[in-house]
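Enquirer: Just passing along the structure, written as structure tokens.
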Amino acid sequence: MTRKKIILPFLAAIIALSANAQTDSTKTFVLSGSVDAYTRTDFNNISTSANNKTSFTQSNNSFELGMASLTGTGQILSGKVFGTADLGFGPRAEAFNAGNAGPLVGSTPTLWAVKQLYLGLYTGKGATGVKFTIGKWYTHIGYEVPDAVNNRNYSMDYMFTTGPFSHTGIKAEYSKKTWHFMLGVANPTNVVTVVAPFPGSSTKHLLAQIDDVTKNGKWHFYLNYEGAFGMGESGDGAIKSQNQVDFVATGTVSSKFSVGLNLTEKMNSYNAPSGVTEKSDAWGGAALYLNWDPTALFGLTLRSEYFMDGESEPGSTSTPTPLIYGTRNILDETLSANFRVGPLTIIPEIRYEAADTKYGDIYTKGKDATGTGSDFSGFLAAVYKF
């Protein structure tokens, strides 16, 4: 089915509903948002932020802005038609939208501010039936999300940082009893618009999700997928396909204790030179989140992440090298406290990480930047929701 056959009926339905929408008494609009700021201290006693390898906290010994978010969500016809504009301003928003920077993909401050922008409709009466959404939305892959207000740890894990962040395309969702299904087609990962073609820019990515919740509502399981084949790149070592499989589980053990689990693996295959076996590589990780809330005013979260940085084999017989972070394996242990005073949350956090030294040290210590296999840092963040 072509994209025109998918999109034209979608737009026609929106136009057909517009007359009724003018006098709709069920129209609603909700405006919400959040702001956050933080400071980070590297206890390895270095003067730069070089030891910070994950998203949004590339700083050291300074006070930093996070992001100001403003989200407007509207519905008409008892929720049958809906739309969301989610804008972000500040360093966190700019880092999130880094995939939209550069001459090939329309580098504009407007795109940097758009975290999500989508509209959609349900095919049934009101908010029932198949749900269609077109635009840009957060990825369904992974446990952590871009907005600090929705994470209990302030610093991000390696699986989030390696992506994906967002998708721009069209998706269909359907729910039956406790089951939920999603299938979508999108631009290359994190790309909103393409001004000039680049390798793989015409390839569409397939998105899928299946999730289920137990009858008592305490456990939720998600199986997520993103993949692309025939990515349009040619030449020895050029990427041919990508596939990422991701699993997330959340559970309520008691009124004071809950858990989260994220497992992910991304696999790449490459064109191989004549006479050389086709090459491939993969990276992945696992993270466990333990949440304890003895009171409504205070909580603790321990994140234990193990990231496996695969070895690159771009269709040649050369010695493989680490794919992303210059190492093979990284352990991240992060303990965060949440002090809640109404809409304000104060997050003191300590973070320890250590990396495989097979390819050398990726961290430094001291003013002379001596190589070391681990890093220890502390954060103090404030998040306000309105």
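Chain labels follow the order of the structure tokens: the first chain is A, the next B, and so on; residue numbering restarts at 1 in every chain, and ligands are counted from 1 in their shown order.
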According to DSSP computed on the backbone, where in segment 104-268 of chain A is there alpha helix (DSSP H)? Give the residues as a list in words.
Expert: Pro109, Thr110, Leu111, Trp112, Ala113, Tyr158, Met159, Phe160, Thr161 and Thr162 of chain A
Enquirer: Please provide the set of residues having any atom within 6 Å of Gly74 of chain A, restricted to only C-alpha atoms, with same-chain residues fewer than 5 positions apart removed, written as an MDAnalysis selection string.
Expert: chainID A and resid 28:29 82:83
Enquirer: Hey, what's within 10 Å of segment 56-70 of chain A if we count only C-alpha atoms and toss same-chain stuff fewer than 4 positions away? As a PyMOL selection string, please?
Expert: chain A and resi 31-43+45-52+85-96+113-115+146-149+154-156+161+377-386
Enquirer: Export, as a compact mmCIF listing (two decimals), in the first residue's frame, the selected residues with N, CA and C atoms.
Expert:
```txt
# COMPACT_ATOMS: atom_id res chain seq x y z
N LEU A 31 -3.48 22.58 28.76
CA LEU A 31 -2.13 23.12 28.64
C LEU A 31 -1.34 22.75 29.90
N SER A 32 -0.18 22.14 29.71
CA SER A 32 0.66 21.73 30.83
C SER A 32 2.12 21.93 30.47
N GLY A 33 3.00 21.73 31.45
CA GLY A 33 4.41 21.91 31.16
C GLY A 33 5.28 21.60 32.36
N SER A 34 6.57 21.82 32.18
CA SER A 34 7.53 21.58 33.25
C SER A 34 8.81 22.36 32.97
N VAL A 35 9.59 22.58 34.02
CA VAL A 35 10.92 23.18 33.88
C VAL A 35 11.87 22.40 34.78
N ASP A 36 13.14 22.37 34.40
CA ASP A 36 14.13 21.69 35.24
C ASP A 36 15.50 22.34 35.08
N ALA A 37 16.30 22.20 36.12
CA ALA A 37 17.66 22.70 36.13
C ALA A 37 18.49 21.80 37.04
N TYR A 38 19.81 21.85 36.91
CA TYR A 38 20.65 20.93 37.68
C TYR A 38 22.08 21.44 37.80
N THR A 39 22.83 20.80 38.65
CA THR A 39 24.28 20.97 38.69
C THR A 39 24.91 19.59 38.82
N ARG A 40 26.05 19.39 38.19
CA ARG A 40 26.75 18.11 38.21
C ARG A 40 28.19 18.33 38.65
N THR A 41 28.68 17.46 39.52
CA THR A 41 30.06 17.51 39.98
C THR A 41 30.74 16.17 39.71
N ASP A 42 31.87 16.21 39.01
CA ASP A 42 32.64 15.00 38.74
C ASP A 42 33.67 14.83 39.84
N PHE A 43 33.53 13.77 40.64
CA PHE A 43 34.43 13.54 41.76
C PHE A 43 35.78 12.96 41.34
N ASN A 45 37.69 14.72 39.83
CA ASN A 45 38.50 15.93 39.92
C ASN A 45 39.08 16.35 38.57
N ILE A 46 38.22 16.34 37.54
CA ILE A 46 38.65 16.85 36.24
C ILE A 46 37.97 18.20 36.00
N SER A 47 38.50 18.97 35.07
CA SER A 47 37.99 20.32 34.82
C SER A 47 37.02 20.39 33.66
N THR A 48 36.77 19.27 32.99
CA THR A 48 35.87 19.26 31.84
C THR A 48 34.71 18.29 32.09
N SER A 49 33.83 18.16 31.10
CA SER A 49 32.71 17.23 31.19
C SER A 49 32.98 15.94 30.43
N ALA A 50 34.27 15.65 30.15
CA ALA A 50 34.62 14.53 29.28
C ALA A 50 34.14 13.18 29.79
N ASN A 51 33.98 13.03 31.09
CA ASN A 51 33.57 11.73 31.63
C ASN A 51 32.07 11.47 31.50
N ASN A 52 31.30 12.50 31.14
CA ASN A 52 29.85 12.32 30.96
C ASN A 52 29.58 11.85 29.54
N ALA A 85 0.65 19.44 20.58
CA ALA A 85 1.87 20.20 20.27
C ALA A 85 2.70 20.24 21.54
N ASP A 86 3.88 19.64 21.49
CA ASP A 86 4.76 19.52 22.66
C ASP A 86 6.08 20.21 22.32
N LEU A 87 6.30 21.38 22.90
CA LEU A 87 7.46 22.19 22.58
C LEU A 87 8.44 22.21 23.75
N GLY A 88 9.74 22.26 23.41
CA GLY A 88 10.77 22.31 24.43
C GLY A 88 11.81 23.36 24.12
N PHE A 89 12.31 24.05 25.16
CA PHE A 89 13.28 25.11 24.98
C PHE A 89 14.40 24.92 25.99
N GLY A 90 15.64 25.03 25.53
CA GLY A 90 16.78 24.86 26.41
C GLY A 90 17.71 23.78 25.91
N PRO A 91 18.86 23.58 26.59
CA PRO A 91 19.87 22.61 26.14
C PRO A 91 19.33 21.19 26.00
N ARG A 92 18.44 20.77 26.89
CA ARG A 92 17.91 19.41 26.83
C ARG A 92 17.09 19.21 25.55
N ALA A 93 16.29 20.21 25.19
CA ALA A 93 15.49 20.13 23.97
C ALA A 93 16.37 20.11 22.72
N GLU A 94 17.42 20.93 22.73
CA GLU A 94 18.31 20.98 21.57
C GLU A 94 19.06 19.67 21.39
N ALA A 95 19.50 19.06 22.50
CA ALA A 95 20.19 17.77 22.41
C ALA A 95 19.24 16.68 21.93
N PHE A 96 18.00 16.72 22.40
CA PHE A 96 17.00 15.74 21.98
C PHE A 96 16.76 15.81 20.48
N ALA A 113 12.77 23.09 18.56
CA ALA A 113 11.83 23.26 19.67
C ALA A 113 10.71 22.22 19.66
N VAL A 114 10.49 21.56 18.53
CA VAL A 114 9.36 20.63 18.41
C VAL A 114 9.76 19.25 18.90
N LYS A 115 9.33 18.91 20.11
CA LYS A 115 9.57 17.56 20.63
C LYS A 115 8.56 16.58 20.04
N PRO A 146 12.44 11.64 27.39
CA PRO A 146 13.24 12.87 27.36
C PRO A 146 12.94 13.86 28.48
N ASP A 147 11.69 13.90 28.97
CA ASP A 147 11.30 14.90 29.95
C ASP A 147 11.72 14.48 31.35
N ALA A 148 12.50 15.31 32.02
CA ALA A 148 12.99 14.99 33.35
C ALA A 148 11.84 14.75 34.33
N VAL A 149 10.73 15.41 34.12
CA VAL A 149 9.60 15.30 35.04
C VAL A 149 9.01 13.89 35.06
N TYR A 154 17.68 11.50 37.32
CA TYR A 154 17.84 12.70 36.49
C TYR A 154 18.78 12.43 35.32
N SER A 155 19.93 11.81 35.58
CA SER A 155 20.84 11.48 34.48
C SER A 155 20.25 10.32 33.68
N MET A 156 20.64 10.22 32.42
CA MET A 156 20.07 9.22 31.52
C MET A 156 20.98 8.00 31.42
N THR A 161 20.52 7.05 25.53
CA THR A 161 21.42 7.92 24.78
C THR A 161 21.71 7.39 23.38
N SER A 377 30.26 10.56 40.05
CA SER A 377 29.76 11.92 39.94
C SER A 377 28.50 12.10 40.78
N GLY A 378 28.18 13.37 41.06
CA GLY A 378 26.99 13.69 41.83
C GLY A 378 26.17 14.76 41.14
N PHE A 379 24.84 14.72 41.35
CA PHE A 379 23.92 15.67 40.74
C PHE A 379 23.00 16.25 41.81
N LEU A 380 22.55 17.45 41.56
CA LEU A 380 21.45 18.02 42.32
C LEU A 380 20.54 18.70 41.32
N ALA A 381 19.31 18.19 41.18
CA ALA A 381 18.39 18.70 40.16
C ALA A 381 17.09 19.13 40.80
N ALA A 382 16.42 20.06 40.13
CA ALA A 382 15.10 20.51 40.55
C ALA A 382 14.17 20.45 39.35
N VAL A 383 13.00 19.85 39.54
CA VAL A 383 12.03 19.69 38.46
C VAL A 383 10.68 20.21 38.95
N TYR A 384 10.05 21.08 38.17
CA TYR A 384 8.76 21.66 38.54
C TYR A 384 7.75 21.38 37.44
N LYS A 385 6.58 20.88 37.82
CA LYS A 385 5.53 20.55 36.86
C LYS A 385 4.32 21.45 37.08
N PHE A 386 3.79 21.96 35.98
CA PHE A 386 2.59 22.80 36.08
C PHE A 386 1.55 22.38 35.04
```
Enquirer: Might you pull out every residue within 8 Å of Asn268 of chain A, with only C-alpha atoms counted and same-chain residues fewer than 3 positions away left off, and present them as a list in words?
Expert: Ile239, Lys240, Ser241, Gln242, Asn243, Ser280, Asp281 and Ala282 of chain A
Enquirer: Between A:His205, A:Asn187, A:Ser258, A:Asn150, which has the minimum distance to Gly230 of chain A (counting only C-alpha atoms)?
Expert: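 Once distances to Gly230 of chain A are computed over only C-alpha atoms, the minimum belongs to A:His205.
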Enquirer: Looking at A:Phe160, A:Ile141, A:Ala286, A:Glu305, which one is nearest to Gly227 of chain A, with distances taken over only C-alpha atoms?
Expert: A:Ile141
Enquirer: Using only C-alpha atoms for the distances, tell me which of A:Lys218, A:His180, A:Lys27, A:Lys266 is nearest to Thr250 of chain A.
Expert: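 Among A:Lys218, A:His180, A:Lys27, A:Lys266, it is A:Lys218 that comes nearest to Thr250 of chain A.
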Enquirer: Give me the residues near Phe165 of chain A as a count of residues only, where near means some atom within 12 Å (using only C-alpha atoms) and where sequence neighbours in that chain fewer than 5 positions away do not count.
Expert: 30
Enquirer: So how many Å separate atom CA of Ala296 of chain A and atom CA of Thr334 of chain A, to one decimal?
Expert: 21.4 Å
Enquirer: Suppose you want the space between atom CA of Tyr158 of chain A and atom CA of Gly299 of chain A; what is it in Å?
Expert: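 Atom CA of Tyr158 of chain A sits 23.1 Å away from atom CA of Gly299 of chain A.
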Enquirer: Assign secondary structure with DSSP using the backbone only, and return the residues of segment 222-334 of chain A in strand (DSSP E or B) as a ChimeraX atom specification.
Expert: /A:222-229,239-252,257-270,279-295,298-308,311-312,321-322,329-334
Enquirer: Do you know which residues are at most 12 Å from Gly79 of chain A counting only C-alpha atoms, after dropping those on the same chain fewer than 2 positions away, and could you put them as a list in words?
Expert: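 My reading of the contact set: Ala21, Asp24, Ser25, Thr26, Lys27, Thr28, Phe29, Thr73, Gly74, Gln75, Ile76, Leu77, Val81, Phe82, Gly83, Leu119, Gly120, Leu121, Tyr122, Thr123, Gly124, Lys125, Gly126, Ala127, Thr128, Gly129 and Lys131 of chain A.
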Enquirer: Could you check how far atom CA of Tyr118 of chain A sits from atom CA of Gly72 of chain A, in Å to one decimal?
Expert: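 Interatomic distance here is 11.0 Å.
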Enquirer: Find the residues around Asn329 of chain A up to 8 Å (only C-alpha atoms counted), leave out those fewer than 3 positions away in its own chain, and share them as a PyMOL selection string.
Expert: chain A and resi 306-309+355-356
Enquirer: Find, counting only C-alpha atoms, the residue in A:Thr133, A:Ser202, A:Gly217, A:Ser255 that gets nearest to Phe229 of chain A.
Expert: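 Among A:Thr133, A:Ser202, A:Gly217, A:Ser255, it is A:Ser202 that comes nearest to Phe229 of chain A.
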